[in-house]
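Trainee: Before I ask anything, let me first share the structure, which is written out below as structure tokens.
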Number of protein chains: 2
Amino acid sequence: MPGAVQSIERAAAILRLLARGSGRLGVGEIATSLGLAKGTTHGILRTLQEVGFVEQDRSSGKYQLGAALLHLGTSYLDVNDLRSRAINWADALASRSGEAVRIGTPLEGKVLVVHHVFRPDDSLQTLDVGALLPLHATALGKILMAYDAEVAAGIADAELEQFTRRTLTTPAALKRAVSRVHEQGWAFESEEFTPGQASIAAPIRGYGGLVVGAISIAGSADRLCPTPDRADPGLVDVVQNAARAISRDLGAGRW
Amino acid sequence: MPGAVQSIERAAAILRLLARGSGRLGVGEIATSLGLAKGTTHGILRTLQEVGFVEQDRSSGKYQLGAALLHLGTSYLDVNDLRSRAINWADALASRSGEAVRIGTPLEGKVLVVHHVFRPDDSLQTLDVGALLPLHATALGKILMAYDAEVAAGIADAELEQFTRRTLTTPAALKRAVSRVHEQGWAFESEEFTPGQASIAAPIRGYGGLVVGAISIAGSADRLCPTPDRADPGLVDVVQNAARAISRDLGAGRW
DNA sequence: AATGCCCATTCGACATAGTCGAACGCTCTT
DNA sequence: AAGAGCGTTCGACTATGTCGAATGGGCATT
């Protein structure tokens, strides 16, 4: 695949590295992590600094992400069709279900949260728009794997991190769960990511019926699955209806 | 200044263009806007697409910002010292003043909102973290101009957009206002940006006493300035105290 | 249906532009 | 005082991205 601009690829790799690495990194660390010469790395970093994508800590000389990225990130939210069309339905779903609502889309083998509505009553929650959640331990992720072959392929040979005692950590178990999701049209997860928490998700389809994202409700496992390991059918229905409404808005036809 | 990687600069320019331009843009539009060859532009766009910084609309072929930027943007928030140190103080300021609190830092001749606490009582507000506010019509902006020479220089020869009847639109009036801000140590704005709304701000200093941002409260002009055009002294005090507390946290010494 | 225009995309040659590795100077440690 | 580690600078090389014209598909008009 010729024509890929390497300096931009490298710049993106540096930014991703800074986003993962919790905090500031030095030129040397970045250079060795990416297998680049220190001089090259420095040149790219200087350019990224000029455009505001990275900032340099005056005293330590280390680099971190820059303010310009924040504005670009929120600008993405303004343009994102999935999110803008889904906002109203998400609010309705939150008040109808009484649970927190999230909308996710695939990114880099994870689930990117593009919208988040807090649980109606409780206000001690942190906004996690922009956060990356694991594919294999969330209902959102299971939906995306079940309906997007590319996503599923990307995780086939990946390590499945264990978050709780109930996290699916073997590829076989995950594959079984995903194919059941595909059959029934919705996904469920109970205490696989956070103890005491469960979630229910359904697919959102865009133009042509293609799955472009997923919507979920998340909350106490006691409420979402009164019977152990069985999602409340009423809540499943509400989530599926919301997903279908958004899909219709996005022009998904009769799906 | 040699060593600036042009392809990265151009990529950044494209991203900025997509952020401004409300929505999707075609290769041709981007190329002419930036004075580049269409082929060159296409190559950069393809690379940006590979790394997830832009997405292409399947049907129209036009480009828009990509999901990866959202995650980078929120990652910036996690790393940002100013924001993480200020969060607790911002909450306290909101409950003490009863008004919405914002923290801003300069970016591209505007004020970038890096933190936003809603007004305690009212919940019909939209989060504007990541938004860019004008320098000349907000209290946050006046602070940044008064204490950061680079910021002030950047706007000296810029058009001053008129938002309301009271917006300062002449460079002379703005300069006078800014120098008064510098003398008194806090900034004020009443109905210069939004009718009926006013704001009060104070500078946040980082290591060495350098101003790295500003914190403000914003709300109904009736509450912030009981006497016309005069900020409530009590509220000014509360804002200044919060700003000083954050500055101390950031290691600003005795400022 | 047939035609024309507009647009994203591809291609190949040229020379610019970015990469590399060694050397510099700085701060902090030993 | 000497050393190590860091970010930074420098100059030569060639790989790399740039350009402009050509291609092909889609859409609206004719």
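Labeling convention for the structure tokens: chains A, B, ... as they appear, residues from 1 per chain, ligands from 1 in order of appearance.
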Compile the contact shell of DC11 of chain C as a ChimeraX atom specification: residues with an atom at most 10 Å away, counting only C-alpha atoms (C1' of nucleotides), same-chain residues fewer than 5 positions apart removed.

Mentor: /D:21-23

Trainee: Fewer than 4 positions away in the same chain doesn't count, so skip those; otherwise give me all residues within 10 Å of segment 10-12 of chain D, counting only C-alpha atoms (C1' of nucleotides), as a count of residues only.

Mentor: 4

Trainee: Define the interface residues of chain D facing chain A as those within 12 Å, counting only C-alpha atoms (C1' of nucleotides), and report them as a PyMOL selection string.

Mentor: chain D and resi 5-10+15-18

Trainee: After superposing chain B onto chain A (least squares, all C-alpha atoms, pairing by order), export the transformed chain as a PDB file with C-alpha atoms, in the first residue's frame.

Mentor:
```
ATOM      1  CA  MET B   1      -0.152   0.190  -0.227  1.00  0.00           C
ATOM      2  CA  PRO B   2       2.056   3.031  -1.432  1.00  0.00           C
ATOM      3  CA  GLY B   3       1.482   6.653  -0.705  1.00  0.00           C
ATOM      4  CA  ALA B   4       1.229   6.440   3.053  1.00  0.00           C
ATOM      5  CA  VAL B   5       3.014   9.444   4.499  1.00  0.00           C
ATOM      6  CA  GLN B   6       5.442   7.979   7.008  1.00  0.00           C
ATOM      7  CA  SER B   7       6.114  11.111   8.980  1.00  0.00           C
ATOM      8  CA  ILE B   8       2.419  11.417   9.693  1.00  0.00           C
ATOM      9  CA  GLU B   9       2.190   7.760  10.636  1.00  0.00           C
ATOM     10  CA  ARG B  10       5.084   8.261  12.992  1.00  0.00           C
ATOM     11  CA  ALA B  11       3.586  11.387  14.449  1.00  0.00           C
ATOM     12  CA  ALA B  12       0.369   9.474  15.093  1.00  0.00           C
ATOM     13  CA  ALA B  13       2.317   6.670  16.717  1.00  0.00           C
ATOM     14  CA  ILE B  14       3.981   9.165  19.029  1.00  0.00           C
ATOM     15  CA  LEU B  15       0.627  10.635  19.993  1.00  0.00           C
ATOM     16  CA  ARG B  16      -0.811   7.190  20.686  1.00  0.00           C
ATOM     17  CA  LEU B  17       2.220   6.386  22.781  1.00  0.00           C
ATOM     18  CA  LEU B  18       1.790   9.550  24.805  1.00  0.00           C
ATOM     19  CA  ALA B  19      -1.901   8.756  25.274  1.00  0.00           C
ATOM     20  CA  ARG B  20      -1.182   5.290  26.611  1.00  0.00           C
ATOM     21  CA  GLY B  21       1.880   6.088  28.650  1.00  0.00           C
ATOM     22  CA  SER B  22       0.523   7.611  31.814  1.00  0.00           C
ATOM     23  CA  GLY B  23       2.037  11.062  31.661  1.00  0.00           C
ATOM     24  CA  ARG B  24       5.175  12.552  30.184  1.00  0.00           C
ATOM     25  CA  LEU B  25       7.793  10.825  28.084  1.00  0.00           C
ATOM     26  CA  GLY B  26      11.302  11.853  27.055  1.00  0.00           C
ATOM     27  CA  VAL B  27      12.679  11.930  23.543  1.00  0.00           C
ATOM     28  CA  GLY B  28      14.875   8.928  24.255  1.00  0.00           C
ATOM     29  CA  GLU B  29      12.048   6.753  25.543  1.00  0.00           C
ATOM     30  CA  ILE B  30       9.885   7.587  22.566  1.00  0.00           C
ATOM     31  CA  ALA B  31      12.692   6.986  20.096  1.00  0.00           C
ATOM     32  CA  THR B  32      13.532   3.537  21.422  1.00  0.00           C
ATOM     33  CA  SER B  33       9.881   2.554  21.801  1.00  0.00           C
ATOM     34  CA  LEU B  34       9.265   3.275  18.142  1.00  0.00           C
ATOM     35  CA  GLY B  35      12.678   2.251  16.838  1.00  0.00           C
ATOM     36  CA  LEU B  36      13.521   5.695  15.506  1.00  0.00           C
ATOM     37  CA  ALA B  37      16.651   7.789  15.669  1.00  0.00           C
ATOM     38  CA  LYS B  38      16.649  10.318  18.442  1.00  0.00           C
ATOM     39  CA  GLY B  39      17.157  13.169  16.010  1.00  0.00           C
ATOM     40  CA  THR B  40      14.206  12.117  13.892  1.00  0.00           C
ATOM     41  CA  THR B  41      11.995  11.793  16.903  1.00  0.00           C
ATOM     42  CA  HIS B  42      12.996  15.198  18.098  1.00  0.00           C
ATOM     43  CA  GLY B  43      12.145  16.795  14.758  1.00  0.00           C
ATOM     44  CA  ILE B  44       8.682  15.274  14.751  1.00  0.00           C
ATOM     45  CA  LEU B  45       8.100  16.297  18.338  1.00  0.00           C
ATOM     46  CA  ARG B  46       9.130  19.845  17.615  1.00  0.00           C
ATOM     47  CA  THR B  47       6.651  20.020  14.769  1.00  0.00           C
ATOM     48  CA  LEU B  48       3.906  18.516  16.887  1.00  0.00           C
ATOM     49  CA  GLN B  49       4.677  21.100  19.505  1.00  0.00           C
ATOM     50  CA  GLU B  50       4.411  23.944  17.010  1.00  0.00           C
ATOM     51  CA  VAL B  51       0.937  22.845  16.032  1.00  0.00           C
ATOM     52  CA  GLY B  52      -0.087  22.347  19.657  1.00  0.00           C
ATOM     53  CA  PHE B  53      -0.497  18.585  19.571  1.00  0.00           C
ATOM     54  CA  VAL B  54       2.162  18.098  22.231  1.00  0.00           C
ATOM     55  CA  GLU B  55       3.530  20.280  24.986  1.00  0.00           C
ATOM     56  CA  GLN B  56       6.896  20.198  26.641  1.00  0.00           C
ATOM     57  CA  ASP B  57       7.341  20.395  30.362  1.00  0.00           C
ATOM     58  CA  ARG B  58       9.661  23.338  30.902  1.00  0.00           C
ATOM     59  CA  SER B  59      11.556  21.859  33.781  1.00  0.00           C
ATOM     60  CA  SER B  60      11.891  18.191  32.895  1.00  0.00           C
ATOM     61  CA  GLY B  61      12.086  18.588  29.110  1.00  0.00           C
ATOM     62  CA  LYS B  62       9.678  15.704  28.686  1.00  0.00           C
ATOM     63  CA  TYR B  63       6.741  15.757  26.306  1.00  0.00           C
ATOM     64  CA  GLN B  64       3.016  15.250  26.832  1.00  0.00           C
ATOM     65  CA  LEU B  65      -0.156  15.627  24.810  1.00  0.00           C
ATOM     66  CA  GLY B  66      -1.167  19.168  23.863  1.00  0.00           C
ATOM     67  CA  ALA B  67      -4.243  21.283  24.187  1.00  0.00           C
ATOM     68  CA  ALA B  68      -5.080  21.419  20.500  1.00  0.00           C
ATOM     69  CA  LEU B  69      -6.058  17.753  20.653  1.00  0.00           C
ATOM     70  CA  LEU B  70      -8.804  18.497  23.132  1.00  0.00           C
ATOM     71  CA  HIS B  71     -10.483  20.877  20.757  1.00  0.00           C
ATOM     72  CA  LEU B  72     -10.135  18.520  17.821  1.00  0.00           C
ATOM     73  CA  GLY B  73     -11.590  15.724  19.908  1.00  0.00           C
ATOM     74  CA  THR B  74     -14.667  17.651  20.884  1.00  0.00           C
ATOM     75  CA  SER B  75     -15.026  18.927  17.342  1.00  0.00           C
ATOM     76  CA  TYR B  76     -15.249  15.304  16.321  1.00  0.00           C
ATOM     77  CA  LEU B  77     -18.234  14.937  18.622  1.00  0.00           C
ATOM     78  CA  ASP B  78     -19.969  17.841  16.917  1.00  0.00           C
ATOM     79  CA  VAL B  79     -19.599  16.276  13.505  1.00  0.00           C
ATOM     80  CA  ASN B  80     -20.283  12.698  14.448  1.00  0.00           C
ATOM     81  CA  ASP B  81     -23.586  11.658  12.933  1.00  0.00           C
ATOM     82  CA  LEU B  82     -24.013   8.644  15.154  1.00  0.00           C
ATOM     83  CA  ARG B  83     -23.732  10.741  18.279  1.00  0.00           C
ATOM     84  CA  SER B  84     -25.791  13.738  17.233  1.00  0.00           C
ATOM     85  CA  ARG B  85     -28.639  11.582  15.972  1.00  0.00           C
ATOM     86  CA  ALA B  86     -28.552   9.378  19.038  1.00  0.00           C
ATOM     87  CA  ILE B  87     -28.485  12.016  21.772  1.00  0.00           C
ATOM     88  CA  ASN B  88     -32.229  12.446  22.104  1.00  0.00           C
ATOM     89  CA  TRP B  89     -32.898   8.744  22.067  1.00  0.00           C
ATOM     90  CA  ALA B  90     -30.188   8.174  24.644  1.00  0.00           C
ATOM     91  CA  ASP B  91     -31.824  10.615  27.047  1.00  0.00           C
ATOM     92  CA  ALA B  92     -35.143   8.871  26.603  1.00  0.00           C
ATOM     93  CA  LEU B  93     -33.572   5.484  27.160  1.00  0.00           C
ATOM     94  CA  ALA B  94     -31.909   6.679  30.353  1.00  0.00           C
ATOM     95  CA  SER B  95     -35.121   7.986  31.860  1.00  0.00           C
ATOM     96  CA  ARG B  96     -37.127   4.992  30.707  1.00  0.00           C
ATOM     97  CA  SER B  97     -34.671   2.413  32.031  1.00  0.00           C
ATOM     98  CA  GLY B  98     -33.401   4.393  34.989  1.00  0.00           C
ATOM     99  CA  GLU B  99     -29.845   3.391  34.096  1.00  0.00           C
ATOM    100  CA  ALA B 100     -26.742   5.008  32.643  1.00  0.00           C
ATOM    101  CA  VAL B 101     -26.587   4.952  28.849  1.00  0.00           C
ATOM    102  CA  ARG B 102     -23.494   4.687  26.684  1.00  0.00           C
ATOM    103  CA  ILE B 103     -22.954   4.744  22.960  1.00  0.00           C
ATOM    104  CA  GLY B 104     -19.809   3.148  21.592  1.00  0.00           C
ATOM    105  CA  THR B 105     -17.989   2.711  18.333  1.00  0.00           C
ATOM    106  CA  PRO B 106     -14.933   0.552  17.543  1.00  0.00           C
ATOM    107  CA  LEU B 107     -11.453   2.060  17.798  1.00  0.00           C
ATOM    108  CA  GLU B 108      -8.090   0.326  17.929  1.00  0.00           C
ATOM    109  CA  GLY B 109      -9.439  -2.963  19.208  1.00  0.00           C
ATOM    110  CA  LYS B 110     -11.432  -1.280  21.945  1.00  0.00           C
ATOM    111  CA  VAL B 111     -14.781   0.428  22.341  1.00  0.00           C
ATOM    112  CA  LEU B 112     -14.694   4.206  22.172  1.00  0.00           C
ATOM    113  CA  VAL B 113     -17.432   5.849  24.216  1.00  0.00           C
ATOM    114  CA  VAL B 114     -18.869   8.673  22.105  1.00  0.00           C
ATOM    115  CA  HIS B 115     -21.816   9.500  24.330  1.00  0.00           C
ATOM    116  CA  HIS B 116     -22.697   8.964  27.948  1.00  0.00           C
ATOM    117  CA  VAL B 117     -25.842   9.813  29.855  1.00  0.00           C
ATOM    118  CA  PHE B 118     -25.678   9.532  33.620  1.00  0.00           C
ATOM    119  CA  ARG B 119     -28.088   7.409  35.564  1.00  0.00           C
ATOM    120  CA  PRO B 120     -31.067   9.701  36.267  1.00  0.00           C
ATOM    121  CA  ASP B 121     -31.088   9.622  40.065  1.00  0.00           C
ATOM    122  CA  ASP B 122     -27.470   9.329  41.057  1.00  0.00           C
ATOM    123  CA  SER B 123     -25.085  12.171  40.262  1.00  0.00           C
ATOM    124  CA  LEU B 124     -21.799  10.789  41.573  1.00  0.00           C
ATOM    125  CA  GLN B 125     -20.614   9.514  38.221  1.00  0.00           C
ATOM    126  CA  THR B 126     -17.687  10.522  36.061  1.00  0.00           C
ATOM    127  CA  LEU B 127     -18.193  11.294  32.419  1.00  0.00           C
ATOM    128  CA  ASP B 128     -16.347   8.792  30.318  1.00  0.00           C
ATOM    129  CA  VAL B 129     -16.884  10.125  26.829  1.00  0.00           C
ATOM    130  CA  GLY B 130     -13.620   9.494  25.017  1.00  0.00           C
ATOM    131  CA  ALA B 131     -12.709   6.535  27.192  1.00  0.00           C
ATOM    132  CA  LEU B 132     -11.683   3.200  25.675  1.00  0.00           C
ATOM    133  CA  LEU B 133     -13.409   0.122  27.057  1.00  0.00           C
ATOM    134  CA  PRO B 134     -12.394  -3.473  26.374  1.00  0.00           C
ATOM    135  CA  LEU B 135     -14.254  -5.364  23.674  1.00  0.00           C
ATOM    136  CA  HIS B 136     -14.479  -8.697  25.433  1.00  0.00           C
ATOM    137  CA  ALA B 137     -15.789  -7.577  28.820  1.00  0.00           C
ATOM    138  CA  THR B 138     -18.550  -5.169  27.859  1.00  0.00           C
ATOM    139  CA  ALA B 139     -21.933  -5.589  26.228  1.00  0.00           C
ATOM    140  CA  LEU B 140     -21.047  -2.785  23.796  1.00  0.00           C
ATOM    141  CA  GLY B 141     -17.926  -4.664  22.757  1.00  0.00           C
ATOM    142  CA  LYS B 142     -19.723  -7.940  22.236  1.00  0.00           C
ATOM    143  CA  ILE B 143     -22.173  -6.256  19.916  1.00  0.00           C
ATOM    144  CA  LEU B 144     -19.387  -4.703  17.875  1.00  0.00           C
ATOM    145  CA  MET B 145     -17.579  -8.036  17.605  1.00  0.00           C
ATOM    146  CA  ALA B 146     -20.751  -9.848  16.617  1.00  0.00           C
ATOM    147  CA  TYR B 147     -21.657  -7.483  13.794  1.00  0.00           C
ATOM    148  CA  ASP B 148     -18.338  -6.189  12.535  1.00  0.00           C
ATOM    149  CA  ALA B 149     -16.043  -8.820  11.054  1.00  0.00           C
ATOM    150  CA  GLU B 150     -13.075  -6.502  11.092  1.00  0.00           C
ATOM    151  CA  VAL B 151     -13.447  -5.865  14.799  1.00  0.00           C
ATOM    152  CA  ALA B 152     -13.835  -9.562  15.534  1.00  0.00           C
ATOM    153  CA  ALA B 153     -10.736 -10.399  13.499  1.00  0.00           C
ATOM    154  CA  GLY B 154      -8.694  -7.829  15.342  1.00  0.00           C
ATOM    155  CA  ILE B 155      -9.213  -9.457  18.693  1.00  0.00           C
ATOM    156  CA  ALA B 156      -8.998 -13.087  17.602  1.00  0.00           C
ATOM    157  CA  ASP B 157      -5.365 -13.399  18.589  1.00  0.00           C
ATOM    158  CA  ALA B 158      -5.219 -10.837  21.364  1.00  0.00           C
ATOM    159  CA  GLU B 159      -4.719 -11.345  25.063  1.00  0.00           C
ATOM    160  CA  LEU B 160      -7.998 -11.206  26.957  1.00  0.00           C
ATOM    161  CA  GLU B 161      -7.329  -9.226  30.088  1.00  0.00           C
ATOM    162  CA  GLN B 162      -9.055 -10.466  33.211  1.00  0.00           C
ATOM    163  CA  PHE B 163     -10.932  -7.739  35.060  1.00  0.00           C
ATOM    164  CA  THR B 164     -13.065  -9.813  37.439  1.00  0.00           C
ATOM    165  CA  ARG B 165     -13.593 -13.448  38.286  1.00  0.00           C
ATOM    166  CA  ARG B 166     -16.286 -13.643  35.611  1.00  0.00           C
ATOM    167  CA  THR B 167     -14.426 -12.071  32.709  1.00  0.00           C
ATOM    168  CA  LEU B 168     -14.311 -14.322  29.642  1.00  0.00           C
ATOM    169  CA  THR B 169     -10.614 -14.940  29.153  1.00  0.00           C
ATOM    170  CA  THR B 170     -10.496 -17.829  26.693  1.00  0.00           C
ATOM    171  CA  PRO B 171     -11.002 -17.223  22.968  1.00  0.00           C
ATOM    172  CA  ALA B 172     -13.372 -20.201  22.822  1.00  0.00           C
ATOM    173  CA  ALA B 173     -15.714 -18.871  25.483  1.00  0.00           C
ATOM    174  CA  LEU B 174     -15.669 -15.440  23.908  1.00  0.00           C
ATOM    175  CA  LYS B 175     -16.415 -16.820  20.472  1.00  0.00           C
ATOM    176  CA  ARG B 176     -19.363 -18.757  21.830  1.00  0.00           C
ATOM    177  CA  ALA B 177     -20.720 -15.705  23.597  1.00  0.00           C
ATOM    178  CA  VAL B 178     -20.342 -13.560  20.504  1.00  0.00           C
ATOM    179  CA  SER B 179     -22.146 -15.988  18.237  1.00  0.00           C
ATOM    180  CA  ARG B 180     -25.025 -16.116  20.697  1.00  0.00           C
ATOM    181  CA  VAL B 181     -25.141 -12.346  20.605  1.00  0.00           C
ATOM    182  CA  HIS B 182     -25.379 -12.501  16.857  1.00  0.00           C
ATOM    183  CA  GLU B 183     -28.295 -14.936  17.035  1.00  0.00           C
ATOM    184  CA  GLN B 184     -30.362 -13.092  19.600  1.00  0.00           C
ATOM    185  CA  GLY B 185     -29.608  -9.571  18.428  1.00  0.00           C
ATOM    186  CA  TRP B 186     -28.526  -8.137  21.761  1.00  0.00           C
ATOM    187  CA  ALA B 187     -25.647  -8.535  24.196  1.00  0.00           C
ATOM    188  CA  PHE B 188     -25.379  -8.927  27.912  1.00  0.00           C
ATOM    189  CA  GLU B 189     -22.623  -8.868  30.467  1.00  0.00           C
ATOM    190  CA  SER B 190     -22.808  -9.302  34.203  1.00  0.00           C
ATOM    191  CA  GLU B 191     -19.862  -8.518  36.457  1.00  0.00           C
ATOM    192  CA  GLU B 192     -17.392  -9.322  33.696  1.00  0.00           C
ATOM    193  CA  PHE B 193     -15.837  -5.863  33.781  1.00  0.00           C
ATOM    194  CA  THR B 194     -16.768  -4.349  37.145  1.00  0.00           C
ATOM    195  CA  PRO B 195     -17.978  -6.276  40.198  1.00  0.00           C
ATOM    196  CA  GLY B 196     -21.646  -5.649  40.894  1.00  0.00           C
ATOM    197  CA  GLN B 197     -22.237  -3.974  37.536  1.00  0.00           C
ATOM    198  CA  ALA B 198     -23.978  -5.366  34.464  1.00  0.00           C
ATOM    199  CA  SER B 199     -24.848  -4.037  31.017  1.00  0.00           C
ATOM    200  CA  ILE B 200     -27.174  -4.715  28.096  1.00  0.00           C
ATOM    201  CA  ALA B 201     -26.469  -3.544  24.542  1.00  0.00           C
ATOM    202  CA  ALA B 202     -27.939  -3.588  21.049  1.00  0.00           C
ATOM    203  CA  PRO B 203     -26.531  -2.741  17.609  1.00  0.00           C
ATOM    204  CA  ILE B 204     -26.978   0.594  15.844  1.00  0.00           C
ATOM    205  CA  ARG B 205     -27.042   0.359  12.079  1.00  0.00           C
ATOM    206  CA  GLY B 206     -26.206   3.085   9.630  1.00  0.00           C
ATOM    207  CA  TYR B 207     -26.997   3.534   5.979  1.00  0.00           C
ATOM    208  CA  GLY B 208     -27.290   0.158   4.287  1.00  0.00           C
ATOM    209  CA  GLY B 209     -27.782  -1.770   7.485  1.00  0.00           C
ATOM    210  CA  LEU B 210     -24.091  -1.700   8.394  1.00  0.00           C
ATOM    211  CA  VAL B 211     -23.452  -1.710  12.139  1.00  0.00           C
ATOM    212  CA  VAL B 212     -21.732   1.560  13.047  1.00  0.00           C
ATOM    213  CA  GLY B 213     -21.974   1.403  16.816  1.00  0.00           C
ATOM    214  CA  ALA B 214     -23.822   0.098  19.817  1.00  0.00           C
ATOM    215  CA  ILE B 215     -25.931   1.497  22.617  1.00  0.00           C
ATOM    216  CA  SER B 216     -26.044   0.114  26.118  1.00  0.00           C
ATOM    217  CA  ILE B 217     -27.499   0.594  29.549  1.00  0.00           C
ATOM    218  CA  ALA B 218     -25.311  -0.168  32.531  1.00  0.00           C
ATOM    219  CA  GLY B 219     -26.018  -0.401  36.212  1.00  0.00           C
ATOM    220  CA  SER B 220     -26.278  -2.577  39.250  1.00  0.00           C
ATOM    221  CA  ALA B 221     -26.394  -6.288  38.416  1.00  0.00           C
ATOM    222  CA  ASP B 222     -29.266  -6.672  40.878  1.00  0.00           C
ATOM    223  CA  ARG B 223     -31.467  -4.497  38.737  1.00  0.00           C
ATOM    224  CA  LEU B 224     -30.357  -5.609  35.262  1.00  0.00           C
ATOM    225  CA  CYS B 225     -30.577  -9.320  35.965  1.00  0.00           C
ATOM    226  CA  PRO B 226     -33.011 -10.258  38.727  1.00  0.00           C
ATOM    227  CA  THR B 227     -32.534 -13.914  37.854  1.00  0.00           C
ATOM    228  CA  PRO B 228     -28.839 -14.800  38.005  1.00  0.00           C
ATOM    229  CA  ASP B 229     -27.179 -14.564  34.589  1.00  0.00           C
ATOM    230  CA  ARG B 230     -30.396 -13.687  32.814  1.00  0.00           C
ATOM    231  CA  ALA B 231     -30.989 -10.155  31.631  1.00  0.00           C
ATOM    232  CA  ASP B 232     -34.318  -8.559  32.471  1.00  0.00           C
ATOM    233  CA  PRO B 233     -36.408  -9.085  29.289  1.00  0.00           C
ATOM    234  CA  GLY B 234     -38.169  -5.770  29.717  1.00  0.00           C
ATOM    235  CA  LEU B 235     -34.910  -3.859  29.775  1.00  0.00           C
ATOM    236  CA  VAL B 236     -33.602  -5.796  26.781  1.00  0.00           C
ATOM    237  CA  ASP B 237     -36.671  -4.704  24.892  1.00  0.00           C
ATOM    238  CA  VAL B 238     -36.225  -1.051  25.787  1.00  0.00           C
ATOM    239  CA  VAL B 239     -32.593  -1.091  24.677  1.00  0.00           C
ATOM    240  CA  GLN B 240     -33.407  -2.817  21.409  1.00  0.00           C
ATOM    241  CA  ASN B 241     -36.164  -0.352  20.669  1.00  0.00           C
ATOM    242  CA  ALA B 242     -33.838   2.578  21.247  1.00  0.00           C
ATOM    243  CA  ALA B 243     -31.218   1.015  18.987  1.00  0.00           C
ATOM    244  CA  ARG B 244     -33.783   0.467  16.250  1.00  0.00           C
ATOM    245  CA  ALA B 245     -35.047   4.010  16.537  1.00  0.00           C
ATOM    246  CA  ILE B 246     -31.564   5.437  16.139  1.00  0.00           C
ATOM    247  CA  SER B 247     -30.855   3.104  13.246  1.00  0.00           C
ATOM    248  CA  ARG B 248     -33.988   4.334  11.512  1.00  0.00           C
ATOM    249  CA  ASP B 249     -32.797   7.910  12.053  1.00  0.00           C
ATOM    250  CA  LEU B 250     -29.497   7.033  10.443  1.00  0.00           C
ATOM    251  CA  GLY B 251     -31.227   5.672   7.370  1.00  0.00           C
ATOM    252  CA  ALA B 252     -30.774   1.985   8.035  1.00  0.00           C
ATOM    253  CA  GLY B 253     -33.929   1.050   6.150  1.00  0.00           C
ATOM    254  CA  ARG B 254     -36.068  -1.726   7.502  1.00  0.00           C
ATOM    255  CA  TRP B 255     -33.443  -3.305   9.739  1.00  0.00           C
TER     256      TRP B 255
END
```

Trainee: Please return as an MDAnalysis selection string: the residues of segment 2-239 of chain A that backbone DSSP assigns to strand (DSSP E).

Mentor: chainID A and resid 54:56 63:65 100:107 110:117 132:134 187:190 197:205 211:220

Trainee: Where does DSSP see alpha helix (DSSP H) in segment 39-178 of chain B, if you list the residues as an MDAnalysis selection string?

Mentor: chainID B and resid 39:50 67:79 81:97 139:147 149:155 171:178

Trainee: Which residues of chain C have any atom within 10 Å of an atom in chain B when counting only C-alpha atoms (C1' of nucleotides), and what is the closest pair of atoms for each, with the distance in Å to one decimal? Order the rows by chain and rising number and write it as JSON lines.

Mentor:
```
{"residue": "C:DC7", "atom": "C1'", "partner": "B:Gly28", "partner_atom": "CA", "distance": 7.8}
{"residue": "C:DA8", "atom": "C1'", "partner": "B:Gly61", "partner_atom": "CA", "distance": 7.0}
{"residue": "C:DT9", "atom": "C1'", "partner": "B:His42", "partner_atom": "CA", "distance": 8.0}
{"residue": "C:DT10", "atom": "C1'", "partner": "B:Gly39", "partner_atom": "CA", "distance": 8.9}
{"residue": "C:DA17", "atom": "C1'", "partner": "B:Gln6", "partner_atom": "CA", "distance": 8.1}
{"residue": "C:DG18", "atom": "C1'", "partner": "B:Val5", "partner_atom": "CA", "distance": 7.1}
```

Trainee: What's the separation between atom C1' of DA15 of chain C and atom C1' of DC13 of chain D, in Å to one decimal place?

Mentor: 13.5 Å

Trainee: Report, in Å with one decimal, the straight-line distance from atom C1' of DG24 of chain D to atom C1' of DA13 of chain C.

Mentor: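 Going from atom C1' of DG24 of chain D over to atom C1' of DA13 of chain C, I get 22.6 Å.
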
Trainee: Separation of atom C1' of DT3 of chain C and atom C1' of DG20 of chain D, in Å?

Mentor: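 Calculated distance between atom C1' of DT3 of chain C and atom C1' of DG20 of chain D is 26.9 Å.
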